[in-house]
Amino acid sequence: MKVRKAVIPAAGWGTRFLPITKSVPKEILPLVDKPIIQYAVEECAACGIELIIIITSQGKAAIEDYFDKSVGLEHILEQRGKEDLLAKISHLSNLPNICFVHQKELLGLGHAVLSSKDVVGKEPFVVILPDDLFEQRELVLKEMLNTFEQYNGSVVALKKVEPDEISRYGIIKPKKVAKNVYQIMDFVEKPEPSQAPSNLAIMGRYVLTPEIFEELESTDFGVGGEIQITDGLKRLLRKQAIFGYEIEGDYYDAGTILGWIKATMAMGLKHPEIGPELKDYLSHLVRGKV
Ligand code: UTP
């Protein structure tokens with residue numbers, strides 16, 4: 001069955017990025033010249049997703065405004081003959097349809113996904129956490145959708161992490177079934193490295209069967225008093241096989257200050273207009289300080 005819908009949870013408090021997130025949603029912070037969430041939306045567009053469901057909350061109106069058509073601004077740019085600038089914003093009108101669902105209480109990622117139940121309905125869907133950015137992001141989602149089709153089960157993105165990072169992630173017990181593909185035998189939330197069944201951590205991309213909703217509905221509040229998606233997946237695993245797709249290439253957690261700065265640098269260096277000058281500036285800066 002073709003996967004047509006994607007859910008982008010963007011309702012969280014963003015406490016790791018305070019104080020800016022007190023009034024600016026972290027999803028709207030820029031990575032070079034686009035807000036973080038636009039990369040997730042473009043990833044969906046590149047993979048043929050037809051409807052994007054963004055989960056928002058109070059104080060996140062800037063996200064809705066950003067994806068709205070700005071008739072006045074487009075008109076002014078047209079009048080002034082600024083075709084290049086016009087192209088930068090009119091491109092937003094060609095993205096897949098976007099709708100917004102409000103998560104009324106911030107009860108965790110699992111709860112955010114559950115908020116999309118009525119809009120997703122009884123079909124498989126993608127979940128993208130916009131803070132998690134991959135160097136090869138369009139390829140990652142395409143490969144995950146292929147894996148979903150081939151194995152006929154939910155697929156989560158995986159990445160090998162260093163031993164000292166293990167206790168920050170959900171970790172899986174893997175059974176390798178093909179290159180980069182594992183059947184998941186168990187999920188362990190934030191284990192001590194010595195107790196971890198592998199170093200394969202769950203990253204923010206999921207292709208899920210709609211049965212996850214039933215499981216999330218009966219999932220109790222877990223770590224931090226939140227409904228954790230990993231707990232829902234653990235329950236789903238009792239009924240359906242779940243697979244993992246191992247990602248290669250760089251990964252950035254743009255939901256932390258350092259991760260966001262690293263992503264900004266990496267993307268800035270690749271940018272055709274500013275990349276070469278930024279490279280010179282960074283090497284000058286580093287040479288000056290060491
Ligand atoms: P995070 O774990 O990054 O939480 O959530 P957060 O609140 O955004 O940030 P910190 O940890 O306080 O700094 C992962 C994703 O799930 C969304 C977030 O917006 C983010 O995209 N989320 C989280 C929700 O939509 N609702 C929630 O209740 C929690």
# chains A, B, ... in the order shown; residues from 1 in each chain; ligands from 1
>>> closest_atom_pairs(of="range 201-287 of chain A", to="range 143-149 of chain A", cutoff="10 Å", atoms="only C-alpha atoms", output="CSV")
residue,atom,partner,partner_atom,distance
A:Arg205,CA,A:Met144,CA,8.6
A:Tyr206,CA,A:Met144,CA,8.0
A:Val207,CA,A:Leu145,CA,6.9
A:Leu208,CA,A:Phe148,CA,8.6
A:Thr209,CA,A:Phe148,CA,9.4
A:Ile242,CA,A:Phe148,CA,9.3
A:Phe243,CA,A:Phe148,CA,8.1
A:Gly244,CA,A:Met144,CA,8.4
A:Tyr245,CA,A:Met144,CA,6.3
A:Glu246,CA,A:Met144,CA,9.2
A:Ile247,CA,A:Glu143,CA,9.4
>>> write_last_selection(atoms="all heavy atoms", output="CSV table (one decimal), in the first residue's frame")
chain,number,residue,atom,x,y,z
A,205,ARG,N,13.1,9.0,12.3
A,205,ARG,CA,12.3,8.7,11.0
A,205,ARG,C,11.6,7.3,11.3
A,205,ARG,O,12.3,6.4,11.7
A,205,ARG,CB,13.2,8.5,9.8
A,205,ARG,CG,14.0,9.7,9.4
A,205,ARG,CD,13.0,10.8,8.8
A,205,ARG,NE,13.8,12.0,8.5
A,205,ARG,CZ,14.2,12.9,9.4
A,205,ARG,NH1,14.0,12.8,10.6
A,205,ARG,NH2,14.9,14.0,9.0
A,206,TYR,N,10.3,7.3,11.0
A,206,TYR,CA,9.5,6.1,11.2
A,206,TYR,C,8.6,5.9,10.0
A,206,TYR,O,8.0,6.9,9.5
A,206,TYR,CB,8.7,6.1,12.4
A,206,TYR,CG,9.4,6.5,13.7
A,206,TYR,CD1,9.7,7.9,14.0
A,206,TYR,CD2,9.7,5.6,14.7
A,206,TYR,CE1,10.4,8.2,15.2
A,206,TYR,CE2,10.4,6.0,15.9
A,206,TYR,CZ,10.7,7.3,16.1
A,206,TYR,OH,11.3,7.7,17.3
A,207,VAL,N,8.4,4.6,9.5
A,207,VAL,CA,7.3,4.3,8.7
A,207,VAL,C,6.4,3.4,9.5
A,207,VAL,O,6.9,2.3,9.9
A,207,VAL,CB,7.7,3.7,7.3
A,207,VAL,CG1,6.5,3.5,6.4
A,207,VAL,CG2,8.8,4.5,6.6
A,208,LEU,N,5.2,3.7,9.8
A,208,LEU,CA,4.4,3.0,10.8
A,208,LEU,C,3.1,2.4,10.2
A,208,LEU,O,2.5,3.1,9.4
A,208,LEU,CB,4.1,3.9,12.0
A,208,LEU,CG,5.3,4.4,12.7
A,208,LEU,CD1,4.8,5.5,13.8
A,208,LEU,CD2,6.1,3.3,13.4
A,209,THR,N,2.7,1.3,10.7
A,209,THR,CA,1.4,0.7,10.3
A,209,THR,C,0.4,1.4,11.2
A,209,THR,O,0.7,1.8,12.4
A,209,THR,CB,1.4,-0.8,10.5
A,209,THR,OG1,1.7,-1.1,11.8
A,209,THR,CG2,2.3,-1.5,9.5
A,242,ILE,N,8.7,-5.7,13.2
A,242,ILE,CA,9.2,-4.4,13.0
A,242,ILE,C,10.6,-4.4,12.5
A,242,ILE,O,11.4,-5.2,13.0
A,242,ILE,CB,9.1,-3.5,14.3
A,242,ILE,CG1,7.6,-3.5,14.8
A,242,ILE,CG2,9.5,-2.1,14.0
A,242,ILE,CD1,7.4,-2.7,16.0
A,243,PHE,N,11.0,-3.5,11.6
A,243,PHE,CA,12.3,-3.6,11.0
A,243,PHE,C,13.0,-2.3,11.3
A,243,PHE,O,12.4,-1.3,11.6
A,243,PHE,CB,12.2,-3.9,9.5
A,243,PHE,CG,11.6,-5.2,9.3
A,243,PHE,CD1,10.2,-5.3,9.2
A,243,PHE,CD2,12.3,-6.4,9.1
A,243,PHE,CE1,9.6,-6.6,9.0
A,243,PHE,CE2,11.8,-7.6,9.0
A,243,PHE,CZ,10.4,-7.7,8.9
A,244,GLY,N,14.4,-2.3,11.1
A,244,GLY,CA,15.2,-1.1,11.2
A,244,GLY,C,16.0,-0.9,10.0
A,244,GLY,O,16.5,-1.9,9.4
A,245,TYR,N,16.1,0.3,9.6
A,245,TYR,CA,17.0,0.6,8.4
A,245,TYR,C,18.2,1.4,8.9
A,245,TYR,O,18.0,2.5,9.5
A,245,TYR,CB,16.2,1.4,7.3
A,245,TYR,CG,17.1,1.7,6.2
A,245,TYR,CD1,17.4,0.8,5.2
A,245,TYR,CD2,17.6,3.0,6.1
A,245,TYR,CE1,18.2,1.1,4.1
A,245,TYR,CE2,18.5,3.3,5.1
A,245,TYR,CZ,18.8,2.4,4.1
A,245,TYR,OH,19.6,2.7,3.1
A,246,GLU,N,19.4,0.9,8.7
A,246,GLU,CA,20.6,1.6,9.2
A,246,GLU,C,21.0,2.7,8.3
A,246,GLU,O,21.3,2.5,7.1
A,246,GLU,CB,21.7,0.6,9.5
A,246,GLU,CG,22.9,1.3,10.2
A,246,GLU,CD,24.1,0.4,10.3
A,246,GLU,OE1,24.0,-0.9,10.1
A,246,GLU,OE2,25.2,0.9,10.5
A,247,ILE,N,21.1,3.9,8.8
A,247,ILE,CA,21.5,5.1,8.0
A,247,ILE,C,23.0,5.2,8.0
A,247,ILE,O,23.7,5.0,9.0
A,247,ILE,CB,20.9,6.3,8.7
A,247,ILE,CG1,19.4,6.3,8.6
A,247,ILE,CG2,21.5,7.6,8.1
A,247,ILE,CD1,18.8,7.2,9.6
>>> residues_around(residues="range 37-47 of chain A", least_positions_apart="6", cutoff="6 Å", atoms="only C-alpha atoms", output="PyMOL selection string")
chain A and resi 27+130+138
>>> select_by_dssp(residues="range 98-173 of chain A", states="strand (DSSP E)", output="compact mmCIF listing (two decimals) with N, CA and C atoms, in the first residue's frame")
# COMPACT_ATOMS: atom_id res chain seq x y z
N ILE A 98 -0.60 20.68 3.42
CA ILE A 98 -0.21 20.61 4.83
C ILE A 98 -1.43 20.91 5.69
N CYS A 99 -1.66 20.11 6.72
CA CYS A 99 -2.69 20.47 7.69
C CYS A 99 -2.09 20.44 9.08
N PHE A 100 -2.73 21.12 10.00
CA PHE A 100 -2.17 21.27 11.35
C PHE A 100 -3.12 20.66 12.37
N VAL A 101 -2.55 19.91 13.29
CA VAL A 101 -3.34 19.34 14.38
C VAL A 101 -2.74 19.86 15.68
N HIS A 102 -3.57 20.37 16.55
CA HIS A 102 -3.05 20.90 17.82
C HIS A 102 -3.00 19.81 18.88
N PHE A 125 1.85 5.31 7.54
CA PHE A 125 2.26 6.73 7.47
C PHE A 125 3.70 6.88 7.95
N VAL A 126 4.25 8.04 7.59
CA VAL A 126 5.63 8.35 7.95
C VAL A 126 5.61 9.31 9.15
N VAL A 127 6.58 9.18 10.04
CA VAL A 127 6.78 10.20 11.09
C VAL A 127 8.20 10.75 10.93
N ILE A 128 8.30 12.07 10.87
CA ILE A 128 9.61 12.71 10.74
C ILE A 128 9.81 13.67 11.90
N ASP A 132 15.98 16.04 13.74
CA ASP A 132 16.95 15.03 13.31
C ASP A 132 17.20 15.21 11.82
N LEU A 133 18.40 15.63 11.48
CA LEU A 133 18.70 15.89 10.06
C LEU A 133 19.80 14.96 9.59
N PHE A 134 19.61 14.38 8.44
CA PHE A 134 20.60 13.47 7.88
C PHE A 134 21.20 14.10 6.63
N SER A 154 6.39 -2.17 9.96
CA SER A 154 6.89 -0.84 10.31
C SER A 154 8.42 -0.82 10.24
N VAL A 155 8.95 0.36 9.93
CA VAL A 155 10.41 0.51 9.80
C VAL A 155 10.85 1.74 10.60
N VAL A 156 11.89 1.57 11.41
CA VAL A 156 12.45 2.75 12.11
C VAL A 156 13.88 2.99 11.60
N ALA A 157 14.30 4.24 11.64
CA ALA A 157 15.67 4.56 11.22
C ALA A 157 16.63 4.25 12.37
N LEU A 158 17.78 3.71 12.02
CA LEU A 158 18.78 3.35 13.03
C LEU A 158 20.11 3.98 12.67
N LYS A 159 20.91 4.25 13.70
CA LYS A 159 22.27 4.72 13.44
C LYS A 159 23.17 4.16 14.54
N LYS A 160 24.37 3.72 14.13
CA LYS A 160 25.32 3.23 15.14
C LYS A 160 25.83 4.42 15.93
N GLY A 170 16.95 5.30 22.43
CA GLY A 170 16.30 3.99 22.40
C GLY A 170 17.20 3.08 21.58
N ILE A 171 17.51 1.90 22.12
CA ILE A 171 18.45 0.99 21.45
C ILE A 171 17.70 -0.30 21.10
N ILE A 172 18.07 -0.92 19.97
CA ILE A 172 17.35 -2.14 19.57
C ILE A 172 18.21 -3.38 19.74
N LYS A 173 17.50 -4.51 19.85
CA LYS A 173 18.18 -5.82 19.77
C LYS A 173 17.98 -6.28 18.33
>>> closest_residue(among="A:Val286, A:Leu139, A:Ala254, A:Ile229", to="Leu29 in chain A", atoms="only C-alpha atoms")
A:Ala254
>>> residues_near_ligand(ligand="ligand 1", cutoff="10 Å", atoms="only C-alpha atoms and all ligand atoms", output="number ranges by chain")
A: 7-18, 21, 25-27, 37, 54-57, 102-113, 115, 127-132, 204, 226-229, 253-257
>>> write_last_selection(atoms="N, CA and C atoms", output="CSV table (one decimal), in the first residue's frame")
chain,number,residue,atom,x,y,z
A,7,VAL,N,3.5,12.6,9.3
A,7,VAL,CA,3.3,13.4,10.5
A,7,VAL,C,4.6,14.0,10.9
A,8,ILE,N,4.6,15.3,11.1
A,8,ILE,CA,5.8,16.0,11.6
A,8,ILE,C,5.4,16.6,13.0
A,9,PRO,N,5.8,15.9,14.1
A,9,PRO,CA,5.5,16.4,15.4
A,9,PRO,C,6.4,17.7,15.7
A,10,ALA,N,5.8,18.8,16.0
A,10,ALA,CA,6.5,20.0,16.2
A,10,ALA,C,5.9,20.8,17.4
A,11,ALA,N,5.3,20.1,18.3
A,11,ALA,CA,4.6,20.8,19.4
A,11,ALA,C,5.5,20.9,20.6
A,12,GLY,N,6.6,20.3,20.7
A,12,GLY,CA,7.4,20.2,21.9
A,12,GLY,C,7.9,21.6,22.5
A,13,TRP,N,8.3,21.6,23.7
A,13,TRP,CA,8.7,22.9,24.4
A,13,TRP,C,10.0,23.4,23.8
A,14,GLY,N,10.9,22.4,23.4
A,14,GLY,CA,12.3,22.8,23.0
A,14,GLY,C,13.1,23.4,24.1
A,15,THR,N,13.0,22.7,25.3
A,15,THR,CA,13.8,23.3,26.5
A,15,THR,C,15.3,23.3,26.3
A,16,ARG,N,15.8,22.3,25.4
A,16,ARG,CA,17.3,22.3,25.3
A,16,ARG,C,17.8,23.5,24.5
A,17,PHE,N,16.8,24.3,24.0
A,17,PHE,CA,17.2,25.5,23.2
A,17,PHE,C,16.8,26.8,23.9
A,18,LEU,N,16.5,26.7,25.2
A,18,LEU,CA,16.1,27.9,25.9
A,18,LEU,C,17.3,28.9,26.0
A,21,THR,N,13.7,29.5,22.6
A,21,THR,CA,12.5,28.8,22.4
A,21,THR,C,11.3,29.3,23.3
A,25,PRO,N,9.5,29.1,18.1
A,25,PRO,CA,9.5,27.7,18.0
A,25,PRO,C,10.8,27.2,17.4
A,26,LYS,N,11.4,26.1,18.0
A,26,LYS,CA,12.8,25.7,17.4
A,26,LYS,C,12.7,25.3,16.0
A,27,GLU,N,11.5,24.8,15.6
A,27,GLU,CA,11.3,24.3,14.2
A,27,GLU,C,11.4,25.4,13.2
A,37,ILE,N,12.1,23.1,9.9
A,37,ILE,CA,11.0,22.2,9.5
A,37,ILE,C,10.8,22.1,8.0
A,54,ILE,N,1.2,18.5,10.4
A,54,ILE,CA,2.1,19.0,11.4
A,54,ILE,C,1.4,19.1,12.7
A,55,ILE,N,2.1,18.6,13.8
A,55,ILE,CA,1.5,18.6,15.1
A,55,ILE,C,2.0,19.9,15.8
A,56,THR,N,1.2,20.8,16.2
A,56,THR,CA,1.6,22.1,16.8
A,56,THR,C,1.0,22.2,18.2
A,57,SER,N,1.3,23.3,18.8
A,57,SER,CA,0.8,23.6,20.1
A,57,SER,C,0.7,25.1,20.3
A,102,HIS,N,-3.6,20.4,16.6
A,102,HIS,CA,-3.1,20.9,17.8
A,102,HIS,C,-3.0,19.8,18.9
A,103,GLN,N,-1.8,19.7,19.5
A,103,GLN,CA,-1.7,18.8,20.6
A,103,GLN,C,-2.0,19.6,21.9
A,104,LYS,N,-3.1,19.3,22.5
A,104,LYS,CA,-3.5,20.3,23.5
A,104,LYS,C,-2.7,20.2,24.8
A,105,GLU,N,-2.2,19.0,25.1
A,105,GLU,CA,-1.3,18.9,26.3
A,105,GLU,C,-0.1,18.2,25.8
A,106,LEU,N,1.1,18.7,26.2
A,106,LEU,CA,2.3,18.2,25.7
A,106,LEU,C,2.7,16.9,26.5
A,107,LEU,N,2.2,15.8,26.1
A,107,LEU,CA,2.4,14.6,26.9
A,107,LEU,C,3.4,13.6,26.2
A,108,GLY,N,4.2,14.2,25.3
A,108,GLY,CA,5.3,13.3,24.7
A,108,GLY,C,5.1,13.0,23.3
A,109,LEU,N,6.2,12.5,22.7
A,109,LEU,CA,6.1,12.2,21.2
A,109,LEU,C,5.1,11.2,20.9
A,110,GLY,N,4.9,10.1,21.7
A,110,GLY,CA,3.9,9.1,21.4
A,110,GLY,C,2.5,9.7,21.4
A,111,HIS,N,2.3,10.6,22.3
A,111,HIS,CA,1.0,11.3,22.4
A,111,HIS,C,0.8,12.3,21.2
A,112,ALA,N,1.9,12.9,20.8
A,112,ALA,CA,1.8,13.8,19.6
A,112,ALA,C,1.4,13.0,18.3
A,113,VAL,N,2.0,11.8,18.2
A,113,VAL,CA,1.7,10.9,17.0
A,113,VAL,C,0.2,10.5,17.1
A,115,SER,N,-2.2,12.1,18.4
A,115,SER,CA,-3.1,13.2,18.0
A,115,SER,C,-3.4,13.2,16.5
A,127,VAL,N,6.6,9.2,10.0
A,127,VAL,CA,6.8,10.2,11.1
A,127,VAL,C,8.2,10.8,10.9
A,128,ILE,N,8.3,12.1,10.9
A,128,ILE,CA,9.6,12.7,10.7
A,128,ILE,C,9.8,13.7,11.9
A,129,LEU,N,10.9,13.5,12.7
A,129,LEU,CA,11.2,14.5,13.7
A,129,LEU,C,12.1,15.5,13.1
A,130,PRO,N,11.6,16.8,13.0
A,130,PRO,CA,12.3,17.7,12.2
A,130,PRO,C,13.7,18.1,12.7
A,131,ASP,N,14.0,17.9,14.0
A,131,ASP,CA,15.3,18.2,14.6
A,131,ASP,C,16.4,17.3,14.1
A,132,ASP,N,16.0,16.0,13.7
A,132,ASP,CA,17.0,15.0,13.3
A,132,ASP,C,17.2,15.2,11.8
A,204,GLY,N,15.1,9.8,14.3
A,204,GLY,CA,13.8,10.4,14.1
A,204,GLY,C,13.1,10.2,12.8
A,226,GLU,N,5.8,11.0,30.2
A,226,GLU,CA,5.3,11.2,28.8
A,226,GLU,C,5.0,9.9,28.2
A,227,ILE,N,4.1,9.9,27.1
A,227,ILE,CA,3.8,8.7,26.4
A,227,ILE,C,4.9,8.6,25.3
A,228,GLN,N,5.8,7.6,25.5
A,228,GLN,CA,6.9,7.4,24.6
A,228,GLN,C,6.6,6.5,23.4
A,229,ILE,N,7.1,7.0,22.2
A,229,ILE,CA,6.8,6.2,21.0
A,229,ILE,C,7.5,4.8,21.1
A,253,ASP,N,21.7,16.6,15.3
A,253,ASP,CA,20.5,16.9,16.2
A,253,ASP,C,20.4,18.4,16.4
A,254,ALA,N,19.6,19.0,15.5
A,254,ALA,CA,19.5,20.4,15.5
A,254,ALA,C,18.6,20.9,16.6
A,255,GLY,N,18.1,20.0,17.5
A,255,GLY,CA,17.3,20.4,18.6
A,255,GLY,C,18.2,20.8,19.8
A,256,THR,N,19.5,20.7,19.7
A,256,THR,CA,20.5,21.1,20.7
A,256,THR,C,21.3,22.3,20.1
A,257,ILE,N,21.8,23.1,21.0
A,257,ILE,CA,22.5,24.3,20.5
A,257,ILE,C,23.8,23.9,19.7
>>> closest_residue(among="A:Ser218, A:Ser93, A:Gln136, A:Gln58", to="Tyr251 in chain A", atoms="only C-alpha atoms")
A:Gln136
>>> decode(residues="range 157-168 of chain A", atoms="N, CA, C and O atoms", output="PDB file, in the first residue's frame")
ATOM      1  N   ALA A 157      14.297   4.244  11.641  1.00  0.00           N
ATOM      2  CA  ALA A 157      15.666   4.561  11.222  1.00  0.00           C
ATOM      3  C   ALA A 157      16.626   4.247  12.368  1.00  0.00           C
ATOM      4  O   ALA A 157      16.304   4.476  13.538  1.00  0.00           O
ATOM      5  N   LEU A 158      17.777   3.713  12.021  1.00  0.00           N
ATOM      6  CA  LEU A 158      18.782   3.347  13.031  1.00  0.00           C
ATOM      7  C   LEU A 158      20.114   3.977  12.669  1.00  0.00           C
ATOM      8  O   LEU A 158      20.415   4.166  11.492  1.00  0.00           O
ATOM      9  N   LYS A 159      20.911   4.250  13.699  1.00  0.00           N
ATOM     10  CA  LYS A 159      22.268   4.719  13.444  1.00  0.00           C
ATOM     11  C   LYS A 159      23.166   4.160  14.537  1.00  0.00           C
ATOM     12  O   LYS A 159      22.772   4.120  15.703  1.00  0.00           O
ATOM     13  N   LYS A 160      24.374   3.720  14.128  1.00  0.00           N
ATOM     14  CA  LYS A 160      25.322   3.226  15.136  1.00  0.00           C
ATOM     15  C   LYS A 160      25.828   4.424  15.926  1.00  0.00           C
ATOM     16  O   LYS A 160      26.214   5.435  15.352  1.00  0.00           O
ATOM     17  N   VAL A 161      25.817   4.300  17.271  1.00  0.00           N
ATOM     18  CA  VAL A 161      26.309   5.409  18.100  1.00  0.00           C
ATOM     19  C   VAL A 161      27.495   4.929  18.942  1.00  0.00           C
ATOM     20  O   VAL A 161      27.703   3.729  19.123  1.00  0.00           O
ATOM     21  N   GLU A 162      28.249   5.897  19.438  1.00  0.00           N
ATOM     22  CA  GLU A 162      29.414   5.592  20.279  1.00  0.00           C
ATOM     23  C   GLU A 162      28.926   5.082  21.645  1.00  0.00           C
ATOM     24  O   GLU A 162      27.842   5.469  22.087  1.00  0.00           O
ATOM     25  N   PRO A 163      29.750   4.263  22.345  1.00  0.00           N
ATOM     26  CA  PRO A 163      29.323   3.724  23.645  1.00  0.00           C
ATOM     27  C   PRO A 163      28.855   4.799  24.633  1.00  0.00           C
ATOM     28  O   PRO A 163      27.847   4.630  25.318  1.00  0.00           O
ATOM     29  N   ASP A 164      29.556   5.949  24.651  1.00  0.00           N
ATOM     30  CA  ASP A 164      29.149   6.968  25.630  1.00  0.00           C
ATOM     31  C   ASP A 164      27.860   7.698  25.240  1.00  0.00           C
ATOM     32  O   ASP A 164      27.338   8.517  26.003  1.00  0.00           O
ATOM     33  N   GLU A 165      27.319   7.397  24.044  1.00  0.00           N
ATOM     34  CA  GLU A 165      26.059   8.046  23.631  1.00  0.00           C
ATOM     35  C   GLU A 165      24.843   7.128  23.844  1.00  0.00           C
ATOM     36  O   GLU A 165      23.704   7.577  23.757  1.00  0.00           O
ATOM     37  N   ILE A 166      25.136   5.824  24.089  1.00  0.00           N
ATOM     38  CA  ILE A 166      24.061   4.820  24.119  1.00  0.00           C
ATOM     39  C   ILE A 166      22.937   5.181  25.086  1.00  0.00           C
ATOM     40  O   ILE A 166      21.749   5.059  24.753  1.00  0.00           O
ATOM     41  N   SER A 167      23.295   5.682  26.266  1.00  0.00           N
ATOM     42  CA  SER A 167      22.269   5.910  27.300  1.00  0.00           C
ATOM     43  C   SER A 167      21.360   7.106  26.977  1.00  0.00           C
ATOM     44  O   SER A 167      20.450   7.412  27.730  1.00  0.00           O
ATOM     45  N   ARG A 168      21.606   7.772  25.829  1.00  0.00           N
ATOM     46  CA  ARG A 168      20.729   8.894  25.446  1.00  0.00           C
ATOM     47  C   ARG A 168      19.614   8.460  24.489  1.00  0.00           C
ATOM     48  O   ARG A 168      18.732   9.247  24.163  1.00  0.00           O
TER      49      ARG A 168
END
